[in-house]
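The file work.txt comes next; it holds compact mmCIF, C-alpha atoms.
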# COMPACT_ATOMS: atom_id res chain seq x y z
CA MET A 1 0.00 0.00 0.00
CA SER A 2 1.31 3.40 -0.82
CA GLN A 3 1.84 5.75 1.96
CA GLY A 4 1.86 9.43 1.81
CA THR A 5 1.18 12.54 3.69
CA ILE A 6 -2.12 14.19 3.52
CA GLY A 7 -2.35 17.60 4.98
CA THR A 8 -5.53 19.23 6.08
CA LEU A 9 -8.16 17.50 4.04
CA ALA A 10 -11.22 19.35 5.13
CA THR A 11 -11.91 22.15 7.49
CA LEU A 12 -15.45 23.16 8.29
CA THR A 13 -15.67 26.65 9.54
CA LYS A 14 -18.51 28.29 11.39
CA THR A 15 -19.41 30.31 8.38
CA GLY A 16 -20.35 27.18 6.55
CA ARG A 17 -17.54 26.88 4.04
CA ILE A 18 -15.40 23.86 3.54
CA SER A 19 -11.87 24.49 2.38
CA MET A 20 -9.91 21.54 1.14
CA SER A 21 -6.20 21.47 0.81
CA GLY A 22 -3.48 18.94 1.28
CA ILE A 23 -0.31 17.41 0.00
CA ILE A 24 -0.21 13.85 -1.22
CA GLY A 25 3.27 12.48 -1.53
CA GLY A 26 5.50 9.54 -0.69
CA ALA A 27 7.09 6.69 -2.53
CA GLY A 28 4.87 4.77 -4.85
CA SER A 29 2.07 7.19 -4.83
CA LYS A 30 1.16 9.92 -7.18
CA SER A 31 2.51 13.00 -5.67
CA GLY A 32 1.20 16.39 -6.03
CA VAL A 33 -0.48 19.17 -4.32
CA ILE A 34 -4.14 19.61 -3.89
CA GLY A 35 -4.19 23.32 -3.72
CA GLU A 36 -6.70 25.53 -2.08
CA THR A 37 -9.88 24.25 -3.61
CA GLU A 38 -12.86 25.75 -1.94
CA ILE A 39 -16.21 24.13 -2.07
CA ASP A 40 -19.14 26.42 -1.54
CA TYR A 41 -21.04 25.00 1.38
CA GLU A 42 -23.98 26.33 3.33
CA GLU A 43 -26.76 25.04 5.51
CA GLY A 44 -29.72 26.67 7.13
CA SER A 45 -33.49 26.79 7.27
CA TRP A 46 -36.36 27.68 4.98
CA THR A 47 -40.09 28.06 5.53
CA PRO A 48 -42.24 25.65 3.51
CA THR A 49 -45.84 26.53 2.67
CA ILE A 50 -48.69 24.54 1.11
CA ASN A 51 -50.28 26.38 -1.78
CA GLY A 52 -52.63 26.07 -4.70
CA VAL A 53 -51.74 27.30 -8.17
CA SER A 54 -54.99 29.25 -8.53
CA SER A 55 -55.60 30.01 -4.87
CA SER A 56 -54.02 28.80 -1.68
CA PRO A 57 -55.96 27.24 1.19
CA THR A 58 -56.57 29.61 4.08
CA GLN A 59 -55.18 27.89 7.10
CA SER A 60 -52.64 28.29 9.86
CA TYR A 61 -49.78 25.83 10.29
CA ALA A 62 -49.01 23.40 13.05
CA HIS A 63 -45.52 22.86 11.68
CA GLN A 64 -43.35 24.60 9.11
CA VAL A 65 -39.89 23.14 9.33
CA GLY A 66 -37.51 23.32 6.40
CA ARG A 67 -33.80 22.56 6.36
CA TYR A 68 -31.31 22.80 3.53
CA THR A 69 -27.74 21.94 2.73
CA LYS A 70 -26.10 23.43 -0.33
CA VAL A 71 -22.83 22.16 -1.74
CA GLY A 72 -21.73 23.93 -4.86
CA ASN A 73 -24.87 24.33 -6.94
CA LEU A 74 -26.59 21.26 -5.51
CA VAL A 75 -29.35 21.88 -2.98
CA TYR A 76 -30.72 19.21 -0.68
CA ALA A 77 -33.90 20.43 0.99
CA THR A 78 -36.16 18.69 3.45
CA CYS A 79 -39.42 19.87 4.92
CA ASN A 80 -42.14 18.99 7.36
CA VAL A 81 -45.18 21.14 6.77
CA GLU A 82 -48.54 20.54 8.42
CA PHE A 83 -51.82 22.40 8.53
CA SER A 84 -53.56 23.03 11.82
CA ALA A 85 -56.26 20.59 12.85
CA SER A 86 -59.26 22.76 12.04
CA GLY A 87 -60.44 25.82 10.16
CA ILE A 88 -59.24 25.20 6.62
CA SER A 89 -61.05 26.81 3.71
CA GLY A 90 -60.52 27.34 0.01
CA GLY A 91 -57.66 26.27 -2.19
CA SER A 92 -57.74 25.41 -5.88
CA GLY A 93 -55.41 24.34 -8.62
CA HIS A 94 -52.47 22.05 -8.33
CA LEU A 95 -51.15 21.49 -4.84
CA GLN A 96 -47.68 22.95 -4.34
CA ILE A 97 -44.97 23.35 -1.79
CA LYS A 98 -43.32 26.76 -1.97
CA GLY A 99 -40.75 28.74 -0.08
CA PHE A 100 -37.65 26.97 -1.33
CA PRO A 101 -34.30 28.35 -0.20
CA PHE A 102 -32.80 28.73 -3.68
CA ASP A 103 -34.08 29.17 -7.21
CA PHE A 104 -34.01 26.25 -9.63
CA GLU A 105 -31.52 25.97 -12.42
CA ASN A 106 -33.10 26.54 -15.84
CA VAL A 107 -36.62 26.20 -14.39
CA THR A 108 -37.45 23.81 -17.16
CA LEU A 109 -39.06 20.44 -17.33
CA SER A 110 -35.67 18.87 -17.03
CA SER A 111 -35.35 19.97 -13.43
CA PRO A 112 -34.98 17.08 -11.02
CA GLY A 113 -37.69 16.29 -8.58
CA GLY A 114 -37.96 14.63 -5.23
CA ILE A 115 -40.07 12.40 -3.10
CA ILE A 116 -42.64 12.80 -0.39
CA PRO A 117 -42.05 9.80 1.81
CA ARG A 118 -44.85 10.61 4.18
CA ALA A 119 -48.11 12.45 3.71
CA GLY A 120 -51.57 12.54 5.16
CA GLY A 121 -54.79 14.48 5.09
CA VAL A 122 -54.58 14.86 1.34
CA SER A 123 -57.16 12.92 -0.60
CA GLY A 124 -55.87 11.43 -3.80
CA GLY A 125 -52.47 10.78 -2.38
CA GLY A 126 -50.83 9.08 0.51
CA PRO A 127 -47.62 7.46 1.53
CA ASP A 128 -45.66 6.09 -1.42
CA SER A 129 -48.10 7.51 -3.91
CA ILE A 130 -47.13 11.14 -4.17
CA LEU A 131 -44.19 12.20 -6.22
CA GLY A 132 -43.54 15.56 -7.67
CA SER A 133 -41.49 17.82 -9.82
CA LEU A 134 -40.04 21.25 -9.61
CA ASN A 135 -41.81 23.85 -11.59
CA THR A 136 -41.64 27.46 -12.63
CA GLY A 137 -42.35 29.84 -9.80
CA PHE A 138 -39.96 27.78 -7.75
CA CYS A 139 -42.57 25.46 -6.38
CA TYR A 140 -42.91 21.74 -6.10
CA CYS A 141 -46.02 20.31 -7.72
CA MET A 142 -47.30 16.99 -6.52
CA ASN A 143 -48.45 14.15 -8.66
CA SER A 144 -50.49 11.25 -7.41
CA VAL A 145 -48.97 8.23 -9.03
CA GLN A 146 -50.52 4.86 -9.45
CA ILE A 147 -47.51 2.60 -9.36
CA GLY A 148 -47.59 0.29 -12.33
CA SER A 149 -50.27 2.15 -14.22
CA GLY A 150 -47.89 4.55 -15.87
CA SER A 151 -50.18 7.47 -15.22
CA ALA A 152 -49.98 10.40 -12.89
CA THR A 153 -52.40 13.16 -12.06
CA PHE A 154 -51.86 16.39 -10.22
CA VAL A 155 -53.00 16.48 -6.64
CA GLN A 156 -55.40 19.38 -6.18
CA ALA A 157 -55.09 21.99 -3.45
CA GLY A 158 -58.74 21.49 -2.55
CA SER A 159 -57.93 17.94 -1.54
CA ALA A 160 -55.77 19.13 1.36
CA GLY A 161 -57.86 19.03 4.50
CA ASN A 162 -57.40 20.00 8.10
CA GLY A 163 -54.25 18.51 9.50
CA ALA A 164 -52.82 17.75 6.07
CA PHE A 165 -49.11 17.16 6.27
CA LEU A 166 -46.27 16.54 3.89
CA TYR A 167 -42.75 15.38 4.57
CA ALA A 168 -40.66 16.03 1.51
CA THR A 169 -37.09 15.44 0.43
CA ILE A 170 -36.08 17.36 -2.64
CA THR A 171 -32.74 17.64 -4.37
CA TYR A 172 -32.13 20.11 -7.15
CA ARG A 173 -29.56 22.29 -8.85
CA THR A 174 -29.63 26.00 -8.37
CA SER A 175 -28.39 28.51 -10.88
CA MET B 1 -38.42 34.55 15.09
CA LYS B 2 -36.56 37.66 14.01
CA TYR B 3 -34.88 37.66 10.60
CA THR B 4 -32.13 40.11 9.82
CA LEU B 5 -31.41 40.67 6.14
CA ASP B 6 -27.95 39.35 5.28
CA THR B 7 -27.76 39.34 1.50
CA LEU B 8 -30.09 40.20 -1.36
CA LYS B 9 -29.02 38.90 -4.75
CA VAL B 10 -30.93 39.59 -7.92
CA LYS B 11 -30.96 37.05 -10.72
CA GLU B 12 -30.49 38.78 -14.03
CA GLU B 13 -33.23 36.84 -15.75
CA PHE B 14 -36.69 37.87 -14.51
CA LYS B 15 -35.20 39.80 -11.59
CA VAL B 16 -35.81 37.02 -9.13
CA PHE B 17 -34.64 37.83 -5.60
CA GLN B 18 -32.46 35.43 -3.68
CA ILE B 19 -32.61 36.40 -0.01
CA ARG B 20 -30.47 35.21 2.86
CA GLU B 21 -31.36 36.20 6.39
CA ILE B 22 -29.85 35.48 9.76
CA THR B 23 -32.17 34.29 12.49
CA ASP B 24 -31.92 35.33 16.11
CA THR B 25 -30.27 31.98 16.79
CA GLY B 26 -27.52 32.83 14.31
CA GLU B 27 -28.38 30.41 11.50
CA TYR B 28 -29.10 31.17 7.89
CA HIS B 29 -32.65 31.34 6.56
CA ARG B 30 -33.26 31.43 2.82
CA ARG B 31 -36.11 32.30 0.50
CA VAL B 32 -36.78 33.29 -3.11
CA LEU B 33 -39.10 36.06 -4.28
CA THR B 34 -40.47 36.28 -7.81
CA PRO B 35 -41.83 39.37 -9.59
CA ASP B 36 -45.44 38.19 -9.36
CA GLU B 37 -45.39 38.14 -5.57
CA THR B 38 -47.02 40.66 -3.26
CA LEU B 39 -44.56 41.63 -0.59
CA ALA B 40 -45.62 41.41 3.03
CA GLU B 41 -46.04 44.59 5.01
CA ASP B 42 -43.23 43.59 7.32
CA GLU B 43 -40.85 42.83 4.46
CA HIS B 44 -37.35 44.28 4.76
CA GLN B 45 -37.33 47.85 3.48
CA GLU B 46 -34.31 47.12 1.25
CA VAL B 47 -36.25 44.34 -0.43
CA LYS B 48 -39.27 46.59 -0.89
CA ASP B 49 -37.09 49.29 -2.43
CA LYS B 50 -35.39 46.86 -4.78
CA ALA B 51 -38.72 45.41 -5.89
CA GLU B 52 -40.03 48.90 -6.54
CA GLU B 53 -36.98 49.62 -8.64
CA LEU B 54 -36.70 46.39 -10.61
CA TRP B 55 -40.12 44.73 -10.80
CA THR B 56 -41.45 46.86 -13.61
CA ASP B 57 -44.59 45.96 -15.52
CA GLU B 58 -42.34 44.70 -18.31
CA VAL B 59 -40.50 42.36 -15.95
CA LYS B 60 -43.74 41.12 -14.40
CA THR B 61 -45.23 40.46 -17.81
CA ALA B 62 -42.11 38.60 -18.95
CA TRP B 63 -42.22 36.41 -15.85
CA THR B 64 -45.93 35.68 -16.19
CA THR B 65 -45.50 34.84 -19.87
CA PHE B 66 -42.60 32.55 -19.16
CA GLN B 67 -44.57 30.71 -16.50
CA ALA B 68 -47.52 30.27 -18.85
CA GLU B 69 -45.25 28.91 -21.57
CA GLN B 70 -43.68 26.45 -19.18
CA GLU B 71 -47.06 25.37 -17.86
CA ALA B 72 -48.30 24.78 -21.42
CA GLU B 73 -45.25 22.69 -22.18
CA ARG B 74 -45.75 20.77 -18.98
CA ASN B 75 -49.41 20.07 -19.62
CA PRO B 76 -49.93 19.82 -23.37
CA GLU B 77 -53.60 19.54 -24.37
Please render this file's structure as structure tokens.
Amino acid sequence: MSQGTIGTLATLTKTGRISMSGIIGGAGSKSGVIGETEIDYEEGSWTPTINGVSSSPTQSYAHQVGRYTKVGNLVYATCNVEFSASGISGGSGHLQIKGFPFDFENVTLSSPGGIIPRAGGVSGGGPDSILGSLNTGFCYCMNSVQIGSGSATFVQAGSAGNGAFLYATITYRTS
Amino acid sequence: MKYTLDTLKVKEEFKVFQIREITDTGEYHRRVLTPDETLAEDEHQEVKDKAEELWTDEVKTAWTTFQAEQEAERNPE
């Protein structure tokens, strides 16, 4: 096995940036210097909301928890958003999650999507049946998917009732 | 939760705002604002001023048109 010396490989600073540098050397190994390559890194919070394309349901939230990690131009966002248990009204058009921490690269149909591993209180969709895609306006539209049928339909905002909740994991590229 | 404005970046295309705030616990909080949005009354004054300056009717129309085109492509009749 080749042995070498590796200097400081990664340093995470409080400001959220990782700087990588080091020296790889020694007999039998490729030697060289990994210079000062900085990787843009950041983490923080965002505030997810449940919306409708035409009109958003009027309702307060029991939970609105969003976290993100960004490395370079890749954003990994998670959210737990839940309506309060009573008092919902209105809402029409496709159901969306909005409030994302960064814009989407290209905002085209080629944008990657994500999954909603857990959901409830939304008729027409439930665990393992709701997928989605990023869309213009920087929102995440949900599709109810019948596994095996090859078809998908948009979940409607009016189908979100009191206590509706969505746990989502979404990875995308920002511009 | 109190949010202090940290950075406001404007995307050239459609004048989309990329906002980073710092919470009272010291962590970052992020959000994106598009030209079709109505700003909240308690929005940061700097954001309000920038929106007033940049979100012209022309920009709003361009954004709305782009969204409609994308939606049509997404849901062809």
Once you count all atoms listed in the file, which residues of chain B turn out to be within 6 Å of chain A? Could you give them as a list in words?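 Here they are: Glu27, Tyr28, His29, Arg30, Arg31 and Gln67 of chain B.
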Contact residues around segment 37-51 of chain B with only C-alpha atoms at 12 Å, ignoring same-chain residues under 6 positions, as a PyMOL selection string: (chain A and resi 99+137-138) or (chain B and resi 2-10+14-21+57+59-60+63-64)
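When all atoms listed in the file are used to measure the gap to Ser56 of chain A, the shortest distance among A:Ala168, A:Ser89, A:Val122, A:Phe154 belongs to A:Ser89.
Atom CA of Ser60 of chain A lies 8.9 Å from atom CA of Ser86 of chain A.
For the atom pair formed by atom CA of Ile88 of chain A and atom CA of Gln156 of chain A, the distance is 14.6 Å, given to one decimal.
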Identify which of the residues A:Thr174, A:Ser159, A:Thr49, A:Ser54 lies closest to Ser92 of chain A, counting all atoms listed in the file when measuring atom-to-atom distances. A:Ser54
So how far away is atom CA of Gln64 of chain A from atom CA of Gly26 of chain B, in Å? 18.6 Å
